[in-house]
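Everything below belongs to run.cif, which stores mmCIF, C-alpha atoms.
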data_structure
loop_
_atom_site.label_atom_id
_atom_site.label_comp_id
_atom_site.auth_asym_id
_atom_site.auth_seq_id
_atom_site.Cartn_x
_atom_site.Cartn_y
_atom_site.Cartn_z
CA MET C 227 -29.57 16.01 33.20
CA SER C 228 -28.80 17.27 29.69
CA LEU C 229 -26.26 14.84 28.23
CA TYR C 230 -27.20 12.49 25.38
CA LEU C 231 -25.12 9.73 23.79
CA GLY C 232 -25.42 8.77 20.13
CA ILE C 233 -23.80 5.74 18.49
CA ASP C 234 -23.44 5.00 14.78
CA THR C 235 -21.75 1.91 13.33
CA SER C 236 -22.03 2.50 9.60
CA ASN C 237 -20.45 0.61 6.73
CA TYR C 238 -17.11 2.42 7.04
CA THR C 239 -17.00 4.33 10.36
CA THR C 240 -17.36 3.58 14.06
CA SER C 241 -18.54 6.72 15.84
CA ALA C 242 -20.01 7.98 19.09
CA ALA C 243 -21.01 11.48 20.19
CA LEU C 244 -22.18 13.32 23.28
CA TYR C 245 -24.62 16.22 22.93
CA ASP C 246 -25.13 18.66 25.78
CA SER C 247 -28.55 20.20 25.24
CA GLU C 248 -27.85 23.06 27.67
CA THR C 249 -24.73 24.30 25.88
CA GLY C 250 -25.47 22.97 22.41
CA ARG C 251 -22.01 21.41 22.36
CA VAL C 252 -21.26 18.17 20.49
CA THR C 253 -18.19 16.10 21.32
CA GLN C 254 -17.53 13.19 19.01
CA GLN C 255 -15.01 10.46 18.30
CA LYS C 256 -14.84 8.23 15.24
CA MET C 257 -12.60 5.72 13.52
CA LEU C 258 -12.64 4.40 9.97
CA LEU C 259 -12.91 0.67 9.47
CA PRO C 260 -9.70 -0.82 8.03
CA VAL C 261 -9.88 -1.63 4.33
CA LYS C 262 -7.05 -3.56 2.68
CA ALA C 263 -4.97 -1.63 0.15
CA GLY C 264 -6.35 -1.93 -3.37
CA GLU C 265 -9.80 -3.10 -2.28
CA LYS C 266 -12.93 -1.10 -3.10
CA GLY C 267 -15.05 -1.91 -0.06
CA ILE C 268 -15.56 -4.14 2.95
CA ARG C 269 -17.68 -7.23 3.58
CA GLN C 270 -20.42 -6.90 6.17
CA SER C 271 -18.96 -9.73 8.26
CA ASP C 272 -15.67 -7.82 8.45
CA ALA C 273 -17.49 -4.57 9.22
CA VAL C 274 -19.32 -6.17 12.15
CA PHE C 275 -16.05 -7.62 13.48
CA HIS C 276 -14.17 -4.32 13.27
CA HIS C 277 -17.02 -2.32 14.86
CA THR C 278 -17.06 -4.80 17.75
CA GLN C 279 -13.33 -4.28 18.19
CA GLN C 280 -13.35 -0.50 17.79
CA LEU C 281 -16.46 0.68 19.64
CA PRO C 282 -15.09 0.20 23.19
CA SER C 283 -12.03 2.34 22.42
CA ILE C 284 -14.23 4.96 20.73
CA ILE C 285 -16.40 5.23 23.84
CA ALA C 286 -13.27 5.47 26.03
CA ALA C 287 -11.82 8.22 23.80
CA LEU C 288 -15.13 10.09 23.87
CA ARG C 289 -15.21 10.04 27.66
CA GLN C 290 -11.63 11.32 27.78
CA ALA C 291 -12.36 14.08 25.24
CA TYR C 292 -15.49 15.26 27.03
CA GLY C 293 -14.38 14.80 30.60
CA VAL C 294 -16.06 12.49 33.04
CA PRO C 295 -19.84 12.93 32.53
CA GLU C 296 -22.07 12.87 35.60
CA GLY C 297 -24.59 10.69 33.78
CA LEU C 298 -26.68 10.28 30.68
CA ALA C 299 -30.26 11.29 30.10
CA ALA C 300 -30.75 8.92 27.16
CA VAL C 301 -28.82 6.96 24.55
CA GLY C 302 -29.64 6.56 20.87
CA ALA C 303 -28.30 4.67 17.89
CA SER C 304 -28.76 4.29 14.17
CA VAL C 305 -30.46 0.92 13.67
CA ARG C 306 -30.80 0.79 9.88
CA PRO C 307 -29.62 2.66 6.79
CA ARG C 308 -32.87 4.42 5.90
CA SER C 309 -36.37 4.85 7.33
CA VAL C 310 -38.06 2.53 4.87
CA ASP C 311 -39.39 -1.01 5.13
CA GLY C 312 -36.74 -3.63 4.50
CA SER C 313 -33.79 -1.30 5.10
CA TYR C 314 -31.20 -3.39 6.89
CA MET C 315 -27.43 -3.74 7.17
CA PRO C 316 -25.75 -6.00 9.75
CA CYS C 317 -23.11 -3.45 10.78
CA PHE C 318 -25.75 -1.31 12.52
CA THR C 319 -26.56 -4.11 14.96
CA VAL C 320 -23.25 -3.49 16.77
CA GLY C 321 -24.07 0.10 17.71
CA SER C 322 -27.75 -0.46 18.35
CA GLY C 323 -27.05 -3.51 20.53
CA THR C 324 -24.48 -1.62 22.58
CA ALA C 325 -26.83 1.33 23.02
CA ARG C 326 -29.69 -0.93 24.15
CA ILE C 327 -27.42 -2.58 26.74
CA LEU C 328 -26.31 0.80 28.10
CA ALA C 329 -29.89 2.01 28.31
CA ASP C 330 -31.04 -1.12 30.13
CA VAL C 331 -28.14 -1.10 32.61
CA MET C 332 -28.51 2.61 33.35
CA GLY C 333 -32.30 2.61 33.39
CA ILE C 334 -32.57 5.33 30.77
CA THR C 335 -34.41 5.67 27.45
CA PHE C 336 -33.14 4.13 24.22
CA ALA C 337 -33.99 6.00 21.01
CA ALA C 338 -33.74 4.42 17.54
CA PHE C 339 -33.15 6.32 14.31
CA SER C 340 -31.94 5.59 10.81
CA HIS C 341 -28.44 6.38 9.62
CA GLN C 342 -29.91 8.73 7.03
CA GLU C 343 -31.88 10.63 9.68
CA GLY C 344 -28.62 11.05 11.59
CA HIS C 345 -26.89 12.47 8.52
CA ILE C 346 -29.68 15.00 7.94
CA ALA C 347 -29.80 16.04 11.61
CA ALA C 348 -26.00 16.44 11.76
CA ALA C 349 -26.13 18.68 8.70
CA LEU C 350 -28.92 20.81 10.17
CA TYR C 351 -27.09 21.09 13.50
CA SER C 352 -23.79 22.02 11.87
CA ALA C 353 -25.42 24.55 9.53
CA GLY C 354 -27.33 26.19 12.39
CA ARG C 355 -30.65 25.21 10.83
CA LEU C 356 -32.26 22.96 13.43
CA ASP C 357 -35.36 25.07 12.82
CA LEU C 358 -35.83 22.98 9.68
CA MET C 359 -36.57 20.00 11.93
CA LYS C 360 -40.13 21.35 11.76
CA GLY C 361 -39.97 22.49 8.16
CA THR C 362 -39.91 21.31 4.56
CA PHE C 363 -36.69 21.11 2.57
CA ILE C 364 -34.86 19.12 -0.10
CA ALA C 365 -32.07 16.97 1.32
CA PHE C 366 -29.31 15.30 -0.65
CA HIS C 367 -27.70 12.24 0.91
CA VAL C 368 -24.59 11.55 -1.15
CA SER C 369 -22.22 8.82 -0.02
CA GLY C 370 -20.71 5.50 -1.02
CA GLY C 371 -23.98 3.66 -0.54
CA THR C 372 -26.54 6.36 -1.33
CA THR C 373 -26.95 9.06 -3.93
CA GLU C 374 -30.45 10.41 -3.66
CA ALA C 375 -32.49 13.52 -3.04
CA LEU C 376 -35.41 13.58 -0.64
CA LEU C 377 -38.32 15.91 -0.14
CA VAL C 378 -38.28 16.11 3.64
CA LYS C 379 -40.97 17.19 6.07
CA GLY C 380 -39.86 17.24 9.69
CA ASP C 381 -42.17 16.89 12.67
CA GLY C 382 -39.54 18.14 15.11
CA LEU C 383 -38.03 14.68 15.65
CA HIS C 384 -38.49 12.29 12.74
CA PHE C 385 -38.50 13.05 9.05
CA LYS C 386 -41.18 12.08 6.59
CA THR C 387 -39.25 11.61 3.37
CA LYS C 388 -40.12 11.06 -0.25
CA MET C 389 -37.32 10.12 -2.64
CA ILE C 390 -37.54 12.48 -5.58
CA ALA C 391 -34.26 11.78 -7.38
CA GLN C 392 -31.43 9.25 -7.34
CA SER C 393 -28.52 7.79 -9.21
CA LEU C 394 -29.81 5.04 -11.45
CA ASP C 395 -26.62 3.00 -11.26
CA LEU C 396 -23.29 3.75 -9.56
CA LYS C 397 -23.38 5.86 -6.39
CA ALA C 398 -21.31 9.04 -6.19
CA GLY C 399 -19.07 7.74 -3.43
CA GLN C 400 -18.47 4.52 -5.36
CA ALA C 401 -17.39 6.47 -8.45
CA ILE C 402 -15.00 8.55 -6.36
CA ASP C 403 -13.56 5.63 -4.40
CA ARG C 404 -13.08 3.51 -7.52
CA ALA C 405 -11.29 6.34 -9.28
CA ALA C 406 -9.08 6.82 -6.23
CA VAL C 407 -8.16 3.12 -6.04
CA MET C 408 -7.52 3.19 -9.79
CA LEU C 409 -5.00 6.00 -9.21
CA GLY C 410 -3.30 4.15 -6.35
CA LEU C 411 -4.81 6.30 -3.59
CA PRO C 412 -6.00 5.01 -0.18
CA PHE C 413 -9.59 3.92 0.42
CA PRO C 414 -11.91 5.71 1.15
CA GLY C 415 -10.46 8.05 -1.42
CA GLY C 416 -12.49 11.28 -1.38
CA LYS C 417 -10.00 13.36 0.60
CA TYR C 418 -7.01 12.16 -1.41
CA LEU C 419 -8.75 12.61 -4.74
CA GLU C 420 -9.61 16.20 -3.80
CA GLU C 421 -6.01 16.95 -2.82
CA LEU C 422 -4.82 15.59 -6.16
CA ALA C 423 -7.52 17.41 -8.16
CA LEU C 424 -6.55 20.76 -6.65
CA THR C 425 -3.11 20.47 -8.28
CA CYS C 426 -4.65 20.36 -11.77
CA GLU C 427 -4.89 23.73 -13.51
CA GLU C 428 -6.32 22.33 -16.74
CA GLU C 429 -10.05 22.82 -17.33
CA VAL C 430 -12.18 19.69 -17.55
CA LYS C 431 -15.75 19.35 -18.72
CA TYR C 432 -18.53 16.85 -18.08
CA ARG C 433 -22.11 16.83 -19.30
CA PRO C 434 -24.28 14.88 -16.84
CA VAL C 435 -26.31 11.94 -18.08
CA MET C 436 -29.83 12.67 -16.83
CA ASN C 437 -33.22 10.99 -16.95
CA GLY C 438 -35.60 13.61 -15.61
CA CYS C 439 -34.30 14.44 -12.13
CA ASP C 440 -32.30 11.20 -11.89
CA CYS C 441 -28.68 10.85 -12.92
CA SER C 442 -26.44 8.07 -14.23
CA LEU C 443 -22.88 7.94 -12.90
CA SER C 444 -21.45 4.67 -14.25
CA GLY C 445 -19.84 6.44 -17.22
CA ILE C 446 -17.58 8.37 -14.85
CA GLU C 447 -15.66 5.27 -13.80
CA ASN C 448 -15.36 4.11 -17.41
CA GLN C 449 -14.03 7.47 -18.57
CA CYS C 450 -11.52 7.66 -15.71
CA ARG C 451 -10.19 4.22 -16.67
CA ARG C 452 -10.00 5.28 -20.32
CA MET C 453 -8.06 8.43 -19.39
CA LEU C 454 -5.63 6.40 -17.29
CA THR C 455 -5.07 3.95 -20.16
CA GLN C 456 -4.36 6.91 -22.44
CA GLY C 457 -1.65 8.09 -20.05
CA GLN C 458 -3.36 11.30 -19.03
CA PRO C 459 -2.12 12.96 -15.80
CA LYS C 460 -3.52 11.53 -12.58
CA GLU C 461 -4.40 14.99 -11.28
CA LYS C 462 -6.54 15.59 -14.40
CA ILE C 463 -8.34 12.28 -13.89
CA ALA C 464 -9.02 13.20 -10.26
CA LYS C 465 -10.37 16.60 -11.27
CA TYR C 466 -12.52 15.02 -13.99
CA CYS C 467 -14.07 12.56 -11.54
CA LEU C 468 -14.97 15.19 -8.95
CA THR C 469 -16.20 17.64 -11.60
CA ALA C 470 -18.42 14.95 -13.09
CA VAL C 471 -20.01 14.07 -9.76
CA MET C 472 -20.44 17.76 -8.91
CA ASN C 473 -22.09 18.56 -12.24
CA ALA C 474 -24.48 15.65 -11.79
CA ILE C 475 -25.50 16.90 -8.32
CA ILE C 476 -25.98 20.41 -9.71
CA ALA C 477 -28.08 19.09 -12.61
CA MET C 478 -30.23 17.13 -10.13
CA THR C 479 -30.66 20.26 -7.99
CA ASP C 480 -31.62 22.39 -10.98
CA ALA C 481 -34.22 19.86 -12.10
CA LEU C 482 -35.65 19.43 -8.61
CA THR C 483 -35.98 23.13 -7.84
CA ALA C 484 -37.69 23.61 -11.19
CA GLN C 485 -40.18 20.85 -10.35
CA PHE C 486 -40.73 21.31 -6.62
CA GLY C 487 -39.88 24.97 -6.01
CA ASP C 488 -37.21 26.84 -4.10
CA TRP C 489 -37.18 24.94 -0.82
CA PRO C 490 -34.08 25.17 1.37
CA LEU C 491 -31.39 22.75 0.20
CA VAL C 492 -29.46 20.55 2.63
CA TYR C 493 -26.46 18.50 1.51
CA ALA C 494 -25.31 15.61 3.70
CA GLY C 495 -23.15 12.51 3.37
CA GLY C 496 -19.43 11.97 3.02
CA VAL C 497 -19.20 13.06 -0.62
CA MET C 498 -20.62 16.48 0.29
CA SER C 499 -17.64 17.20 2.56
CA ASN C 500 -15.71 17.89 -0.64
CA GLY C 501 -14.58 21.53 -0.67
CA ILE C 502 -14.68 21.87 -4.46
CA MET C 503 -18.34 20.86 -4.58
CA ARG C 504 -19.29 22.91 -1.55
CA ARG C 505 -17.87 26.12 -2.99
CA ALA C 506 -19.53 25.65 -6.38
CA ILE C 507 -22.94 24.72 -4.98
CA THR C 508 -23.13 27.47 -2.34
CA ALA C 509 -22.17 30.01 -5.01
CA ARG C 510 -25.01 28.79 -7.22
CA TYR C 511 -27.85 28.44 -4.68
CA ALA C 512 -28.59 31.09 -2.06
CA ASP C 513 -30.40 28.73 0.31
CA ALA C 514 -27.95 25.80 0.23
CA HIS C 515 -26.70 24.43 3.55
CA PHE C 516 -23.81 22.05 4.20
CA ALA C 517 -22.57 20.34 7.29
CA ALA C 518 -19.02 21.14 8.33
CA PRO C 519 -16.69 18.39 7.02
CA GLU C 520 -16.52 16.65 10.41
CA PHE C 521 -20.32 16.41 10.38
CA SER C 522 -20.64 15.46 6.69
CA CYS C 523 -18.88 12.12 6.80
CA ASP C 524 -20.44 9.29 8.77
CA ASN C 525 -20.82 10.39 12.37
CA ALA C 526 -22.96 9.93 15.48
CA ALA C 527 -23.53 13.64 16.12
CA GLY C 528 -26.93 13.73 14.45
CA ILE C 529 -28.04 10.65 16.40
CA ALA C 530 -27.04 12.34 19.68
CA VAL C 531 -28.97 15.50 18.74
CA LEU C 532 -32.04 13.48 17.71
CA THR C 533 -31.86 11.53 20.96
CA ALA C 534 -31.98 14.80 22.92
CA LEU C 535 -34.92 16.02 20.86
CA SER C 536 -36.77 12.75 21.47
CA GLN C 537 -36.68 13.40 25.23
CA ASN C 538 -37.65 17.05 25.03
CA LYS C 539 -40.42 16.92 22.47
#
In structure tokens, write the structure found in this file.
Amino acid sequence: MSLYLGIDTSNYTTSAALYDSETGRVTQQKMLLPVKAGEKGIRQSDAVFHHTQQLPSIIAALRQAYGVPEGLAAVGASVRPRSVDGSYMPCFTVGSGTARILADVMGITFAAFSHQEGHIAAALYSAGRLDLMKGTFIAFHVSGGTTEALLVKGDGLHFKTKMIAQSLDLKAGQAIDRAAVMLGLPFPGGKYLEELALTCEEEVKYRPVMNGCDCSLSGIENQCRRMLTQGQPKEKIAKYCLTAVMNAIIAMTDALTAQFGDWPLVYAGGVMSNGIMRRAITARYADAHFAAPEFSCDNAAGIAVLTALSQNK
């Protein structure tokens, strides 16, 4: 049997994926959690409720998309945000609890991973670099809840990580989502902000605020609000916000490669699905690897792949 199920119930997305280890094929289904118009986030109690409501339909849609599977070899789930002591978020209990029930009922193995490990594995799978599961690389995890760079050493299944850079205040995804809400765009706002930014032909500049390899992003939100108050075009504000985040990530990368050397670079997390950033970063660094957009945002694909690897190690 070569079919592995992964489940991820993150802060904003319910997702499940099937990985066929014989064909290398991933089939996934996901659904954003509903966020009320004008709001900048979601309470954990609401996230748990919506995951509980959405996960059954996600599993049903996955089965329909894949076809009726003959059975599962193992099931895995993300059980916490990161692989560090004290990392906890209630929303992950929905997916991990469901996965444990399935494993017990079916008499198969349950495998537990962190959400961050899933992001990294999905990026490596999508970029065709699963060989780095046993290598050393620098991984950026850039999302609404995390903006950090890790020095990663893989043992073929789990990652030993050391945080080597981070945002000291606002996270990149927060800056983007807040700017989007400010401009009247839906939440999460990354996709809509990018669409708006691409209509701006005016050049914008941003000098990152750095402290060693770390960055500070809070000034981006303040400047976007100032520009809006001044009556500047919304498309220019959108372009400024994305350019500012991109320049901060590039400045972090430059500082890290100068300090730690030219390790392969892996960019994961919802913010890194942005096409503007992807094009600029891949043009600048020869050994930079991105997940495809569908594997950059929160997803269960990496968890499914890791679950397969856990049974075949």
*Measuring atom to atom with only C-alpha atoms, identify which of C:His345, C:Arg433, C:His384, C:Arg504 is nearest to Ala365 in chain C.*
C:His345
*Please evaluate the PyMOL selection byres ((chain C and resi 390) around 8) against the displayed coordinates and give the resulting residues as JSON, numbers by chain.*
{"C": [374, 375, 376, 377, 388, 389, 391, 392, 439, 482]}
Could I get the residues of range 471-497 of chain C with an atom no further than 12 Å from an atom of range 507-511 of chain C, each paired with its nearest atom pair and that distance in Å to one decimal, using all atoms listed in the file, sorted by chain and residue number, as a tab-separated table?
residue	atom	partner	partner_atom	distance
C:Met472	CA	C:Ile507	CA	8.4
C:Asn473	CA	C:Ile507	CA	9.6
C:Ala474	CA	C:Ile507	CA	11.4
C:Ile475	CA	C:Ile507	CA	8.9
C:Ile476	CA	C:Ile507	CA	7.1
C:Ala477	CA	C:Ile507	CA	10.8
C:Met478	CA	C:Ile507	CA	11.7
C:Thr479	CA	C:Tyr511	CA	9.3
C:Asp480	CA	C:Tyr511	CA	9.5
C:Thr483	CA	C:Tyr511	CA	10.2
C:Asp488	CA	C:Tyr511	CA	9.5
C:Trp489	CA	C:Tyr511	CA	10.7
C:Pro490	CA	C:Tyr511	CA	9.3
C:Leu491	CA	C:Tyr511	CA	8.3
C:Val492	CA	C:Thr508	CA	10.6
C:Tyr493	CA	C:Ile507	CA	9.7
*Quick one: everything within 10 Å of Gly370 in chain C, counting only C-alpha atoms, minus sequence neighbours fewer than 2 positions away in the same chain. Send it as number ranges by chain.*
C: 237-238, 267, 367-368, 372-373, 396-403, 414, 495-497
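Using only C-alpha atoms, the shortest contact distance between Leu409 in chain C and any of C:Ile463, C:Ile446, C:Ile285, C:Val274 is found at C:Ile463.
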*Please evaluate the PyMOL selection byres ((chain C and resi 302) around 6) against the displayed coordinates and give the resulting residues as a ChimeraX atom specification.*
/C:232,301,303,336-338,533
Centre, edges in Å (one decimal): axis-aligned box, range 520-530 of chain C, 6 Å padding on all six sides, as lines of an AutoDock Vina configuration file:
center_x = -22.3
center_y = 13.0
center_z = 13.2
size_x = 23.5
size_y = 19.4
size_z = 25.0
With the input short on atoms, add N, CA and C atoms back to range 369-393 of chain C and write it as a PDB file, in the frame of the given file.
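Dumped everything to part_26.pdb:
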ATOM      1  N   SER C 369     -23.278   9.577  -0.685  1.00  0.00           N
ATOM      2  CA  SER C 369     -22.220   8.820  -0.020  1.00  0.00           C
ATOM      3  C   SER C 369     -21.838   7.627  -0.887  1.00  0.00           C
ATOM      4  N   GLY C 370     -21.092   6.689  -0.285  1.00  0.00           N
ATOM      5  CA  GLY C 370     -20.710   5.500  -1.020  1.00  0.00           C
ATOM      6  C   GLY C 370     -21.856   4.551  -1.265  1.00  0.00           C
ATOM      7  N   GLY C 371     -22.852   4.584  -0.398  1.00  0.00           N
ATOM      8  CA  GLY C 371     -23.980   3.660  -0.540  1.00  0.00           C
ATOM      9  C   GLY C 371     -25.259   4.318  -1.003  1.00  0.00           C
ATOM     10  N   THR C 372     -25.297   5.644  -1.020  1.00  0.00           N
ATOM     11  CA  THR C 372     -26.540   6.360  -1.330  1.00  0.00           C
ATOM     12  C   THR C 372     -26.233   7.609  -2.143  1.00  0.00           C
ATOM     13  N   THR C 373     -26.968   7.791  -3.215  1.00  0.00           N
ATOM     14  CA  THR C 373     -26.950   9.060  -3.930  1.00  0.00           C
ATOM     15  C   THR C 373     -28.397   9.355  -4.296  1.00  0.00           C
ATOM     16  N   GLU C 374     -29.045  10.128  -3.444  1.00  0.00           N
ATOM     17  CA  GLU C 374     -30.450  10.410  -3.660  1.00  0.00           C
ATOM     18  C   GLU C 374     -30.832  11.752  -3.058  1.00  0.00           C
ATOM     19  N   ALA C 375     -31.922  12.283  -3.562  1.00  0.00           N
ATOM     20  CA  ALA C 375     -32.490  13.520  -3.040  1.00  0.00           C
ATOM     21  C   ALA C 375     -33.860  13.210  -2.475  1.00  0.00           C
ATOM     22  N   LEU C 376     -34.160  13.838  -1.339  1.00  0.00           N
ATOM     23  CA  LEU C 376     -35.410  13.580  -0.640  1.00  0.00           C
ATOM     24  C   LEU C 376     -36.174  14.874  -0.429  1.00  0.00           C
ATOM     25  N   LEU C 377     -37.469  14.821  -0.588  1.00  0.00           N
ATOM     26  CA  LEU C 377     -38.320  15.910  -0.140  1.00  0.00           C
ATOM     27  C   LEU C 377     -38.670  15.583   1.309  1.00  0.00           C
ATOM     28  N   VAL C 378     -38.220  16.422   2.218  1.00  0.00           N
ATOM     29  CA  VAL C 378     -38.280  16.110   3.640  1.00  0.00           C
ATOM     30  C   VAL C 378     -39.263  17.035   4.353  1.00  0.00           C
ATOM     31  N   LYS C 379     -40.093  16.435   5.186  1.00  0.00           N
ATOM     32  CA  LYS C 379     -40.970  17.190   6.070  1.00  0.00           C
ATOM     33  C   LYS C 379     -40.702  16.715   7.490  1.00  0.00           C
ATOM     34  N   GLY C 380     -40.201  17.609   8.330  1.00  0.00           N
ATOM     35  CA  GLY C 380     -39.860  17.240   9.690  1.00  0.00           C
ATOM     36  C   GLY C 380     -40.997  17.536  10.651  1.00  0.00           C
ATOM     37  N   ASP C 381     -41.152  16.652  11.643  1.00  0.00           N
ATOM     38  CA  ASP C 381     -42.170  16.890  12.670  1.00  0.00           C
ATOM     39  C   ASP C 381     -41.533  17.348  13.984  1.00  0.00           C
ATOM     40  N   GLY C 382     -40.261  17.716  13.922  1.00  0.00           N
ATOM     41  CA  GLY C 382     -39.540  18.140  15.110  1.00  0.00           C
ATOM     42  C   GLY C 382     -38.648  17.041  15.657  1.00  0.00           C
ATOM     43  N   LEU C 383     -38.845  15.802  15.191  1.00  0.00           N
ATOM     44  CA  LEU C 383     -38.030  14.680  15.650  1.00  0.00           C
ATOM     45  C   LEU C 383     -37.694  13.743  14.495  1.00  0.00           C
ATOM     46  N   HIS C 384     -38.706  13.187  13.869  1.00  0.00           N
ATOM     47  CA  HIS C 384     -38.490  12.290  12.740  1.00  0.00           C
ATOM     48  C   HIS C 384     -38.775  13.034  11.436  1.00  0.00           C
ATOM     49  N   PHE C 385     -38.303  12.451  10.354  1.00  0.00           N
ATOM     50  CA  PHE C 385     -38.500  13.050   9.050  1.00  0.00           C
ATOM     51  C   PHE C 385     -39.397  12.158   8.195  1.00  0.00           C
ATOM     52  N   LYS C 386     -40.399  12.760   7.605  1.00  0.00           N
ATOM     53  CA  LYS C 386     -41.180  12.080   6.590  1.00  0.00           C
ATOM     54  C   LYS C 386     -40.532  12.402   5.261  1.00  0.00           C
ATOM     55  N   THR C 387     -40.029  11.375   4.576  1.00  0.00           N
ATOM     56  CA  THR C 387     -39.250  11.610   3.370  1.00  0.00           C
ATOM     57  C   THR C 387     -39.885  10.957   2.156  1.00  0.00           C
ATOM     58  N   LYS C 388     -39.702  11.610   1.036  1.00  0.00           N
ATOM     59  CA  LYS C 388     -40.120  11.060  -0.250  1.00  0.00           C
ATOM     60  C   LYS C 388     -38.925  11.190  -1.193  1.00  0.00           C
ATOM     61  N   MET C 389     -38.450  10.053  -1.713  1.00  0.00           N
ATOM     62  CA  MET C 389     -37.320  10.120  -2.640  1.00  0.00           C
ATOM     63  C   MET C 389     -37.795  10.720  -3.952  1.00  0.00           C
ATOM     64  N   ILE C 390     -37.128  11.778  -4.376  1.00  0.00           N
ATOM     65  CA  ILE C 390     -37.540  12.480  -5.580  1.00  0.00           C
ATOM     66  C   ILE C 390     -36.476  12.453  -6.670  1.00  0.00           C
ATOM     67  N   ALA C 391     -35.294  11.928  -6.368  1.00  0.00           N
ATOM     68  CA  ALA C 391     -34.260  11.780  -7.380  1.00  0.00           C
ATOM     69  C   ALA C 391     -33.191  10.839  -6.833  1.00  0.00           C
ATOM     70  N   GLN C 392     -32.479  10.182  -7.753  1.00  0.00           N
ATOM     71  CA  GLN C 392     -31.430   9.250  -7.340  1.00  0.00           C
ATOM     72  C   GLN C 392     -30.484   8.987  -8.492  1.00  0.00           C
ATOM     73  N   SER C 393     -29.366   8.351  -8.166  1.00  0.00           N
ATOM     74  CA  SER C 393     -28.520   7.790  -9.210  1.00  0.00           C
ATOM     75  C   SER C 393     -29.114   6.466  -9.644  1.00  0.00           C
TER      76      SER C 393
END
